[in-house]
>>> print(open('input.tsv').read())   # TSV, C-alpha atoms and all ligand atoms
chain	number	residue	atom	x	y	z
A	1	MET	CA	93.45	-64.23	-52.35
A	2	LYS	CA	90.45	-65.97	-50.85
A	3	ILE	CA	88.63	-68.58	-52.93
A	4	ALA	CA	84.87	-69.02	-52.70
A	5	PRO	CA	83.67	-72.06	-54.67
A	6	SER	CA	80.09	-71.61	-55.83
A	7	LEU	CA	77.79	-74.51	-55.05
A	8	LEU	CA	75.67	-73.55	-58.05
A	9	SER	CA	77.92	-75.77	-60.16
A	10	ALA	CA	78.06	-78.63	-57.64
A	11	ASP	CA	76.04	-81.85	-57.85
A	12	PHE	CA	73.36	-81.72	-55.15
A	13	ALA	CA	72.84	-85.48	-55.35
A	14	LYS	CA	76.18	-85.79	-53.56
A	15	ILE	CA	76.38	-82.41	-51.89
A	16	LYS	CA	78.13	-83.62	-48.73
A	17	ASP	CA	81.05	-84.95	-50.78
A	18	GLU	CA	81.08	-81.87	-53.01
A	19	ILE	CA	81.49	-79.59	-49.97
A	20	ALA	CA	84.12	-81.85	-48.39
A	21	LEU	CA	86.15	-81.70	-51.62
A	22	VAL	CA	86.50	-77.92	-51.59
A	23	GLU	CA	87.12	-77.88	-47.85
A	24	ARG	CA	89.99	-80.29	-48.41
A	25	GLY	CA	91.26	-78.07	-51.23
A	26	GLY	CA	91.48	-75.11	-48.83
A	27	ALA	CA	88.44	-73.07	-49.85
A	28	ASP	CA	87.97	-69.95	-47.75
A	29	TYR	CA	84.25	-69.33	-48.23
A	30	LEU	CA	81.38	-71.39	-49.58
A	31	HIS	CA	79.46	-69.20	-52.05
A	32	LEU	CA	75.70	-69.82	-51.96
A	33	ASP	CA	73.68	-68.33	-54.81
A	34	VAL	CA	70.07	-67.63	-53.85
A	35	MET	CA	67.86	-66.97	-56.90
A	36	ASP	CA	64.14	-66.23	-56.87
A	37	GLY	CA	63.08	-66.37	-60.53
A	38	ARG	CA	62.24	-62.65	-60.34
A	39	PHE	CA	65.45	-60.69	-59.87
A	40	VAL	CA	67.15	-63.26	-62.08
A	41	PRO	CA	65.69	-65.77	-64.56
A	42	ASN	CA	66.59	-68.83	-62.48
A	43	ILE	CA	65.58	-70.41	-59.16
A	44	THR	CA	67.85	-72.12	-56.63
A	45	TRP	CA	67.32	-72.53	-52.88
A	46	GLY	CA	66.25	-70.71	-49.75
A	47	PRO	CA	67.00	-70.65	-46.02
A	48	LYS	CA	65.90	-74.27	-45.40
A	49	ILE	CA	68.59	-75.66	-47.69
A	50	ILE	CA	71.24	-73.32	-46.31
A	51	GLY	CA	70.29	-74.38	-42.77
A	52	ASP	CA	70.71	-78.02	-43.75
A	53	LEU	CA	74.07	-77.33	-45.45
A	54	ARG	CA	75.19	-75.55	-42.29
A	55	LYS	CA	75.29	-78.94	-40.55
A	56	LEU	CA	77.79	-80.21	-43.13
A	57	SER	CA	80.55	-77.62	-42.96
A	58	PRO	CA	82.27	-75.06	-40.72
A	59	LEU	CA	83.29	-72.95	-43.75
A	60	CYS	CA	82.26	-69.30	-43.89
A	61	PHE	CA	78.90	-69.21	-45.71
A	62	ASP	CA	78.88	-66.42	-48.29
A	63	ALA	CA	75.23	-65.97	-49.30
A	64	HIS	CA	74.63	-64.05	-52.53
A	65	LEU	CA	70.99	-63.02	-52.66
A	66	MET	CA	69.76	-62.48	-56.21
A	67	ILE	CA	66.23	-61.77	-55.06
A	68	VAL	CA	63.76	-58.88	-55.08
A	69	GLU	CA	62.83	-57.33	-51.71
A	70	PRO	CA	65.88	-58.76	-49.91
A	71	GLU	CA	64.84	-56.88	-46.74
A	72	LYS	CA	62.06	-59.43	-46.28
A	73	TYR	CA	64.42	-62.40	-46.09
A	74	VAL	CA	67.86	-61.42	-44.76
A	75	GLU	CA	66.95	-62.37	-41.20
A	76	ASP	CA	65.93	-65.87	-42.31
A	77	PHE	CA	69.26	-66.33	-44.08
A	78	VAL	CA	71.28	-65.17	-41.05
A	79	LYS	CA	69.29	-67.49	-38.79
A	80	ALA	CA	69.92	-70.34	-41.26
A	81	GLY	CA	73.67	-69.81	-40.86
A	82	ALA	CA	74.86	-67.31	-43.46
A	83	ASP	CA	78.00	-65.52	-42.24
A	84	ILE	CA	78.03	-62.95	-45.05
A	85	VAL	CA	74.76	-61.74	-46.58
A	86	THR	CA	75.17	-59.92	-49.89
A	87	PHE	CA	72.17	-58.34	-51.59
A	88	HIS	CA	71.92	-56.44	-54.87
A	89	LEU	CA	71.90	-52.65	-54.86
A	90	GLU	CA	69.44	-52.86	-57.77
A	91	ALA	CA	66.99	-54.86	-55.64
A	92	THR	CA	66.31	-52.37	-52.86
A	93	ALA	CA	65.60	-48.67	-52.46
A	94	HIS	CA	67.00	-48.61	-48.92
A	95	ALA	CA	70.44	-50.15	-49.09
A	96	GLN	CA	71.91	-48.25	-46.14
A	97	ARG	CA	69.13	-49.40	-43.84
A	98	LEU	CA	69.53	-52.98	-45.03
A	99	LEU	CA	73.31	-52.95	-44.51
A	100	ALA	CA	72.77	-51.77	-40.94
A	101	PHE	CA	70.05	-54.39	-40.38
A	102	VAL	CA	72.24	-57.27	-41.61
A	103	LYS	CA	75.04	-56.15	-39.31
A	104	SER	CA	72.64	-55.83	-36.36
A	105	LEU	CA	71.82	-59.51	-36.88
A	106	GLY	CA	75.49	-60.39	-36.42
A	107	ALA	CA	76.40	-61.12	-40.06
A	108	LYS	CA	78.69	-59.29	-42.46
A	109	ALA	CA	76.83	-57.12	-44.94
A	110	GLY	CA	77.70	-57.15	-48.64
A	111	ILE	CA	76.40	-55.26	-51.66
A	112	SER	CA	76.54	-56.59	-55.20
A	113	LEU	CA	76.50	-54.65	-58.45
A	114	CYS	CA	75.21	-56.00	-61.77
A	115	PRO	CA	77.37	-55.21	-64.83
A	116	GLN	CA	75.16	-52.18	-65.64
A	117	THR	CA	75.60	-50.45	-62.27
A	118	PRO	CA	78.57	-48.09	-61.78
A	119	VAL	CA	80.82	-48.40	-58.72
A	120	ALA	CA	80.13	-44.70	-58.08
A	121	MET	CA	76.68	-45.77	-56.80
A	122	LEU	CA	78.46	-46.98	-53.65
A	123	GLU	CA	80.14	-43.67	-52.83
A	124	ASP	CA	77.58	-42.70	-50.21
A	125	LEU	CA	77.46	-46.18	-48.67
A	126	ILE	CA	81.07	-47.29	-48.59
A	127	GLU	CA	81.67	-46.82	-44.85
A	128	ASP	CA	78.74	-49.17	-44.11
A	129	ILE	CA	79.76	-52.02	-46.43
A	130	ASP	CA	81.71	-55.13	-45.31
A	131	LEU	CA	81.99	-56.63	-48.82
A	132	ILE	CA	81.54	-55.34	-52.38
A	133	LEU	CA	80.65	-58.01	-54.93
A	134	ILE	CA	81.30	-57.04	-58.54
A	135	MET	CA	79.28	-59.23	-60.91
A	136	SER	CA	81.41	-60.02	-63.94
A	137	VAL	CA	78.50	-61.72	-65.72
A	138	ASN	CA	74.79	-60.95	-65.71
A	139	PRO	CA	73.62	-62.86	-62.65
A	140	GLY	CA	71.50	-65.98	-62.99
A	141	PHE	CA	73.63	-68.83	-64.28
A	142	GLY	CA	77.00	-70.48	-63.89
A	143	GLY	CA	79.37	-71.02	-66.78
A	144	GLN	CA	78.83	-67.69	-68.57
A	145	ALA	CA	81.52	-65.64	-70.32
A	146	TYR	CA	83.40	-63.02	-68.28
A	147	ILE	CA	82.57	-59.40	-69.17
A	148	PRO	CA	85.90	-57.56	-69.72
A	149	ASN	CA	84.64	-54.17	-68.45
A	150	SER	CA	84.58	-55.76	-64.97
A	151	LEU	CA	88.31	-55.07	-64.61
A	152	LYS	CA	87.71	-51.32	-64.73
A	153	LYS	CA	85.05	-51.70	-62.04
A	154	VAL	CA	87.39	-53.75	-59.86
A	155	ARG	CA	90.01	-51.00	-60.04
A	156	GLU	CA	87.42	-48.33	-59.18
A	157	ALA	CA	86.09	-50.36	-56.25
A	158	ARG	CA	89.64	-51.03	-55.02
A	159	ALA	CA	90.37	-47.29	-55.03
A	160	LEU	CA	87.13	-46.50	-53.18
A	161	ILE	CA	87.85	-49.17	-50.55
A	162	ASP	CA	91.47	-48.12	-50.05
A	163	ALA	CA	90.51	-44.48	-49.65
A	164	ARG	CA	87.51	-44.83	-47.36
A	165	ASN	CA	87.07	-48.33	-45.83
A	166	PRO	CA	90.15	-50.57	-46.08
A	167	ALA	CA	88.47	-53.33	-44.03
A	168	CYS	CA	85.87	-53.88	-46.76
A	169	GLU	CA	86.49	-56.97	-48.90
A	170	LEU	CA	86.28	-56.91	-52.69
A	171	GLU	CA	84.80	-59.98	-54.35
A	172	ILE	CA	84.29	-60.85	-58.02
A	173	ASP	CA	81.77	-63.38	-59.35
A	174	GLY	CA	81.20	-64.78	-62.82
A	175	GLY	CA	83.34	-66.28	-65.54
A	176	ILE	CA	86.51	-66.45	-63.46
A	177	GLY	CA	88.94	-69.28	-64.10
A	178	ARG	CA	92.51	-70.11	-65.01
A	179	LYS	CA	92.71	-67.56	-67.81
A	180	ASN	CA	91.70	-64.44	-65.85
A	181	VAL	CA	92.16	-65.15	-62.12
A	182	ALA	CA	95.63	-63.58	-62.00
A	183	GLU	CA	94.42	-60.45	-63.79
A	184	VAL	CA	91.53	-59.77	-61.40
A	185	VAL	CA	93.63	-60.42	-58.31
A	186	ALA	CA	96.33	-58.08	-59.62
A	187	ALA	CA	93.62	-55.43	-60.09
A	188	GLY	CA	92.72	-55.66	-56.41
A	189	VAL	CA	90.20	-58.44	-55.82
A	190	ASP	CA	90.35	-60.10	-52.37
A	191	VAL	CA	87.79	-62.90	-52.87
A	192	VAL	CA	87.31	-64.85	-56.10
A	193	VAL	CA	84.07	-66.77	-56.64
A	194	MET	CA	84.40	-69.74	-58.98
A	195	GLY	CA	81.70	-72.22	-59.88
A	196	SER	CA	82.27	-74.08	-63.13
A	197	ALA	CA	86.05	-73.48	-63.02
A	198	ILE	CA	86.21	-75.57	-59.83
A	199	TYR	CA	83.26	-77.96	-59.88
A	200	GLY	CA	83.53	-78.47	-63.63
A	201	THR	CA	86.92	-80.14	-63.21
A	202	PRO	CA	87.61	-83.77	-62.26
A	203	ASP	CA	89.52	-82.78	-59.11
A	204	PRO	CA	88.05	-79.65	-57.48
A	205	ALA	CA	90.44	-79.79	-54.49
A	206	ALA	CA	93.50	-79.81	-56.74
A	207	GLU	CA	91.98	-77.09	-58.90
A	208	ILE	CA	91.70	-74.71	-55.93
A	209	LYS	CA	95.41	-75.20	-55.23
A	210	ALA	CA	96.23	-74.71	-58.90
A	211	MET	CA	94.26	-71.44	-58.93
A	212	ARG	CA	96.34	-70.09	-56.05
A	213	GLU	CA	99.51	-70.91	-57.91
A	214	ILE	CA	98.22	-69.24	-61.08
A	215	ALA	CA	97.06	-66.12	-59.22
A	216	ALA	CA	100.28	-65.68	-57.25
A	217	PRO	CA	103.06	-67.85	-58.69
A	218	VAL	CA	105.79	-68.81	-56.25
A	219	PRO	CA	109.06	-67.36	-57.62
A	220	ALA	CA	111.66	-69.90	-58.76
A	221	GLY	CA	114.06	-70.83	-55.97
A	222	VAL	CA	111.63	-70.06	-53.12
A	223	ARG	CA	110.03	-73.50	-53.06
A	301	LIG	C1	75.87	-66.36	-61.16
A	301	LIG	C2	76.31	-66.64	-59.75
A	301	LIG	C3	77.68	-67.16	-59.65
A	301	LIG	C4	77.93	-68.43	-60.41
A	301	LIG	C5	79.30	-68.26	-61.03
A	301	LIG	O1	74.77	-65.53	-61.17
A	301	LIG	O2	76.23	-65.47	-58.96
A	301	LIG	O3	78.10	-67.29	-58.31
A	301	LIG	O4	77.93	-69.60	-59.65
A	301	LIG	O5	79.56	-69.34	-61.86
A	301	LIG	P1	80.84	-69.37	-62.81
A	301	LIG	O6	82.05	-69.27	-61.90
A	301	LIG	O7	80.71	-70.69	-63.48
A	301	LIG	O8	80.73	-68.21	-63.74
A	302	ZN	ZN	77.17	-65.61	-56.92
>>> encode(input="input.tsv", output="C-alpha cells", more="lines below")
Ligand code: DX5
Ligand code: ZN
Amino acid sequence: MKIAPSLLSADFAKIKDEIALVERGGADYLHLDVMDGRFVPNITWGPKIIGDLRKLSPLCFDAHLMIVEPEKYVEDFVKAGADIVTFHLEATAHAQRLLAFVKSLGAKAGISLCPQTPVAMLEDLIEDIDLILIMSVNPGFGGQAYIPNSLKKVREARALIDARNPACELEIDGGIGRKNVAEVVAAGVDVVVMGSAIYGTPDPAAEIKAMREIAAPVPAGVR
C-alpha cells in the first residue's frame, strides 16, 4: 500500500513542517488537490503554489485536478513539478488525447471518477491510463463521509486493471481512515489518499505508520 497524505487538511501557515512530518512518517506521495470553484464548490491553489512546494520536498507530487477544461492547465502543473497529473473524466470530452498529452510532457497520467461515474467508462481508455482515482466522496472538501458503493467500484477497477493494464495504479480518495483502510486495500487499492485521517491527528508521522499496520497487520511471531 502506498500512502498519499492530502495537503488539503494541512495547515498552510506552517506548510514546511507539515510536509516534513509526513515525509518522516514514510509517505509515498504528496496529494495536491487543485480546485477551481467551478468543477467543485471550493477553491484551493494553482501551479504557483505547487512550484513553491516543489522546493520543499522530493516526494512524488500527486496532483488531483478538480477543474473544468483541464487541457488548458496540465502543462503548467507539470512544469510546476507535478509527477502525476490526474484529471476528471467528467471534466473533458477528450480524455484519450489529454492522457497522451500529459505523458508526452513526461508526467504520469491519471483519470478520476466522481461517485456517479461507472468504472465501465474507462473500458476504452484503460491501456492509456497510468493511475485510476476512485473518488469515495463527492469531490470538493476534506473530512466528508465515505460512500460505501466505492468498494464495488474499486473491485471493478481492480479487475479492469488486472485484465488489461497491470502497471496502472489504483488510488482511492475521500473518507478513508482507520475504520476502512484495510477494507479498501483488501479490495485492490494500491494508493490510499488520506487528508483529515492524517493531518487531523496530533502526530501525523505516527499515524501513517499506524495506518500501514492496520491495513496489513504483521502476523504474531513475525516481529
Ligand atoms: C476531496 C479531495 C481529497 C481530500 C480528502 O475532494 O480530493 O483529496 O483531501 O480528504 P479526507 O481524507 O479528509 O476525506
Ligand atoms: Zn484528492
>>> closest_atom_pairs(input="input.tsv", of="chain A", to="ligand ZN 302 (chain A)", cutoff="12 Å", atoms="only C-alpha atoms and all ligand atoms", output="JSON lines")
{"residue": "A:Ala4", "atom": "CA", "partner": "A:ZN302", "partner_atom": "ZN", "distance": 9.4}
{"residue": "A:Pro5", "atom": "CA", "partner": "A:ZN302", "partner_atom": "ZN", "distance": 9.4}
{"residue": "A:Ser6", "atom": "CA", "partner": "A:ZN302", "partner_atom": "ZN", "distance": 6.8}
{"residue": "A:Leu7", "atom": "CA", "partner": "A:ZN302", "partner_atom": "ZN", "distance": 9.1}
{"residue": "A:Leu8", "atom": "CA", "partner": "A:ZN302", "partner_atom": "ZN", "distance": 8.2}
{"residue": "A:Ser9", "atom": "CA", "partner": "A:ZN302", "partner_atom": "ZN", "distance": 10.7}
{"residue": "A:Tyr29", "atom": "CA", "partner": "A:ZN302", "partner_atom": "ZN", "distance": 11.8}
{"residue": "A:Leu30", "atom": "CA", "partner": "A:ZN302", "partner_atom": "ZN", "distance": 10.2}
{"residue": "A:His31", "atom": "CA", "partner": "A:ZN302", "partner_atom": "ZN", "distance": 6.5}
{"residue": "A:Leu32", "atom": "CA", "partner": "A:ZN302", "partner_atom": "ZN", "distance": 6.7}
{"residue": "A:Asp33", "atom": "CA", "partner": "A:ZN302", "partner_atom": "ZN", "distance": 4.9}
{"residue": "A:Val34", "atom": "CA", "partner": "A:ZN302", "partner_atom": "ZN", "distance": 8.0}
{"residue": "A:Met35", "atom": "CA", "partner": "A:ZN302", "partner_atom": "ZN", "distance": 9.4}
{"residue": "A:Val40", "atom": "CA", "partner": "A:ZN302", "partner_atom": "ZN", "distance": 11.5}
{"residue": "A:Thr44", "atom": "CA", "partner": "A:ZN302", "partner_atom": "ZN", "distance": 11.4}
{"residue": "A:Phe61", "atom": "CA", "partner": "A:ZN302", "partner_atom": "ZN", "distance": 11.9}
{"residue": "A:Asp62", "atom": "CA", "partner": "A:ZN302", "partner_atom": "ZN", "distance": 8.8}
{"residue": "A:Ala63", "atom": "CA", "partner": "A:ZN302", "partner_atom": "ZN", "distance": 7.9}
{"residue": "A:His64", "atom": "CA", "partner": "A:ZN302", "partner_atom": "ZN", "distance": 5.3}
{"residue": "A:Leu65", "atom": "CA", "partner": "A:ZN302", "partner_atom": "ZN", "distance": 7.9}
{"residue": "A:Met66", "atom": "CA", "partner": "A:ZN302", "partner_atom": "ZN", "distance": 8.1}
{"residue": "A:Ile67", "atom": "CA", "partner": "A:ZN302", "partner_atom": "ZN", "distance": 11.7}
{"residue": "A:Val85", "atom": "CA", "partner": "A:ZN302", "partner_atom": "ZN", "distance": 11.3}
{"residue": "A:Thr86", "atom": "CA", "partner": "A:ZN302", "partner_atom": "ZN", "distance": 9.3}
{"residue": "A:Phe87", "atom": "CA", "partner": "A:ZN302", "partner_atom": "ZN", "distance": 10.3}
{"residue": "A:His88", "atom": "CA", "partner": "A:ZN302", "partner_atom": "ZN", "distance": 10.8}
{"residue": "A:Gly110", "atom": "CA", "partner": "A:ZN302", "partner_atom": "ZN", "distance": 11.8}
{"residue": "A:Ile111", "atom": "CA", "partner": "A:ZN302", "partner_atom": "ZN", "distance": 11.6}
{"residue": "A:Ser112", "atom": "CA", "partner": "A:ZN302", "partner_atom": "ZN", "distance": 9.2}
{"residue": "A:Leu113", "atom": "CA", "partner": "A:ZN302", "partner_atom": "ZN", "distance": 11.1}
{"residue": "A:Cys114", "atom": "CA", "partner": "A:ZN302", "partner_atom": "ZN", "distance": 10.9}
{"residue": "A:Leu133", "atom": "CA", "partner": "A:ZN302", "partner_atom": "ZN", "distance": 8.6}
{"residue": "A:Ile134", "atom": "CA", "partner": "A:ZN302", "partner_atom": "ZN", "distance": 9.7}
{"residue": "A:Met135", "atom": "CA", "partner": "A:ZN302", "partner_atom": "ZN", "distance": 7.8}
{"residue": "A:Ser136", "atom": "CA", "partner": "A:ZN302", "partner_atom": "ZN", "distance": 9.9}
{"residue": "A:Val137", "atom": "CA", "partner": "A:ZN302", "partner_atom": "ZN", "distance": 9.7}
{"residue": "A:Asn138", "atom": "CA", "partner": "A:ZN302", "partner_atom": "ZN", "distance": 10.2}
{"residue": "A:Pro139", "atom": "CA", "partner": "A:ZN302", "partner_atom": "ZN", "distance": 7.3}
{"residue": "A:Gly140", "atom": "CA", "partner": "A:ZN302", "partner_atom": "ZN", "distance": 8.3}
{"residue": "A:Phe141", "atom": "CA", "partner": "A:ZN302", "partner_atom": "ZN", "distance": 8.8}
{"residue": "A:Gly142", "atom": "CA", "partner": "A:ZN302", "partner_atom": "ZN", "distance": 8.5}
{"residue": "A:Gly143", "atom": "CA", "partner": "A:ZN302", "partner_atom": "ZN", "distance": 11.5}
{"residue": "A:Gln144", "atom": "CA", "partner": "A:ZN302", "partner_atom": "ZN", "distance": 12.0}
{"residue": "A:Glu171", "atom": "CA", "partner": "A:ZN302", "partner_atom": "ZN", "distance": 9.8}
{"residue": "A:Ile172", "atom": "CA", "partner": "A:ZN302", "partner_atom": "ZN", "distance": 8.6}
{"residue": "A:Asp173", "atom": "CA", "partner": "A:ZN302", "partner_atom": "ZN", "distance": 5.7}
{"residue": "A:Gly174", "atom": "CA", "partner": "A:ZN302", "partner_atom": "ZN", "distance": 7.2}
{"residue": "A:Gly175", "atom": "CA", "partner": "A:ZN302", "partner_atom": "ZN", "distance": 10.6}
{"residue": "A:Ile176", "atom": "CA", "partner": "A:ZN302", "partner_atom": "ZN", "distance": 11.4}
{"residue": "A:Val191", "atom": "CA", "partner": "A:ZN302", "partner_atom": "ZN", "distance": 11.7}
{"residue": "A:Val192", "atom": "CA", "partner": "A:ZN302", "partner_atom": "ZN", "distance": 10.2}
{"residue": "A:Val193", "atom": "CA", "partner": "A:ZN302", "partner_atom": "ZN", "distance": 7.0}
{"residue": "A:Met194", "atom": "CA", "partner": "A:ZN302", "partner_atom": "ZN", "distance": 8.6}
{"residue": "A:Gly195", "atom": "CA", "partner": "A:ZN302", "partner_atom": "ZN", "distance": 8.5}
{"residue": "A:Ser196", "atom": "CA", "partner": "A:ZN302", "partner_atom": "ZN", "distance": 11.7}
>>> atom_distance(input="input.tsv", atom1="atom CA of Glu71 of chain A", atom2="atom CA of Ala93 of chain A")
10.0 Å
>>> residues_around(input="input.tsv", residues="Cys168 of chain A", least_positions_apart="4", cutoff="8 Å", atoms="only C-alpha atoms", output="VMD selection string")
chain A and resid 129 to 132 161
>>> axis_aligned_box(input="input.tsv", around="ligand LIG 301 (chain A)", padding_each_side="5 Å", output="lines of an AutoDock Vina configuration file")
center_x = 78.4
center_y = -68.1
center_z = -61.0
size_x = 17.3
size_y = 15.2
size_z = 15.4
>>> atom_distance(input="input.tsv", atom1="atom CA of Glu69 of chain A", atom2="atom CA of Phe101 of chain A")
13.8 Å
>>> closest_residue(input="input.tsv", among="A:Pro202, A:Gly188, A:Gly177, A:Pro166", to="ligand LIG 301 (chain A)", atoms="all atoms listed in the file")
A:Gly177
>>> residues_near_point(input="input.tsv", point="(77.5, -48.6, -52.5)", cutoff="9 Å", atoms="all atoms listed in the file", output="JSON, numbers by chain")
{"A": [89, 95, 96, 111, 112, 113, 119, 120, 121, 122, 123, 124, 125, 126, 127, 128, 129, 132]}
>>> closest_residue(input="input.tsv", among="A:Val154, A:Ile19, A:Ala27, A:Ala187", to="Arg212 of chain A", atoms="only C-alpha atoms")
A:Ala27
>>> atom_distance(input="input.tsv", atom1="atom CA of Val102 of chain A", atom2="atom CA of Asp83 of chain A")
10.1 Å
>>> closest_residue(input="input.tsv", among="A:Lys72, A:Lys14, A:Arg178, A:Arg158", to="ligand LIG 301 (chain A)", atoms="all atoms listed in the file")
A:Arg178
>>> closest_residue(input="input.tsv", among="A:Ala186, A:Phe39, A:Pro118, A:Lys179", to="Met211 of chain A", atoms="only C-alpha atoms")
A:Lys179
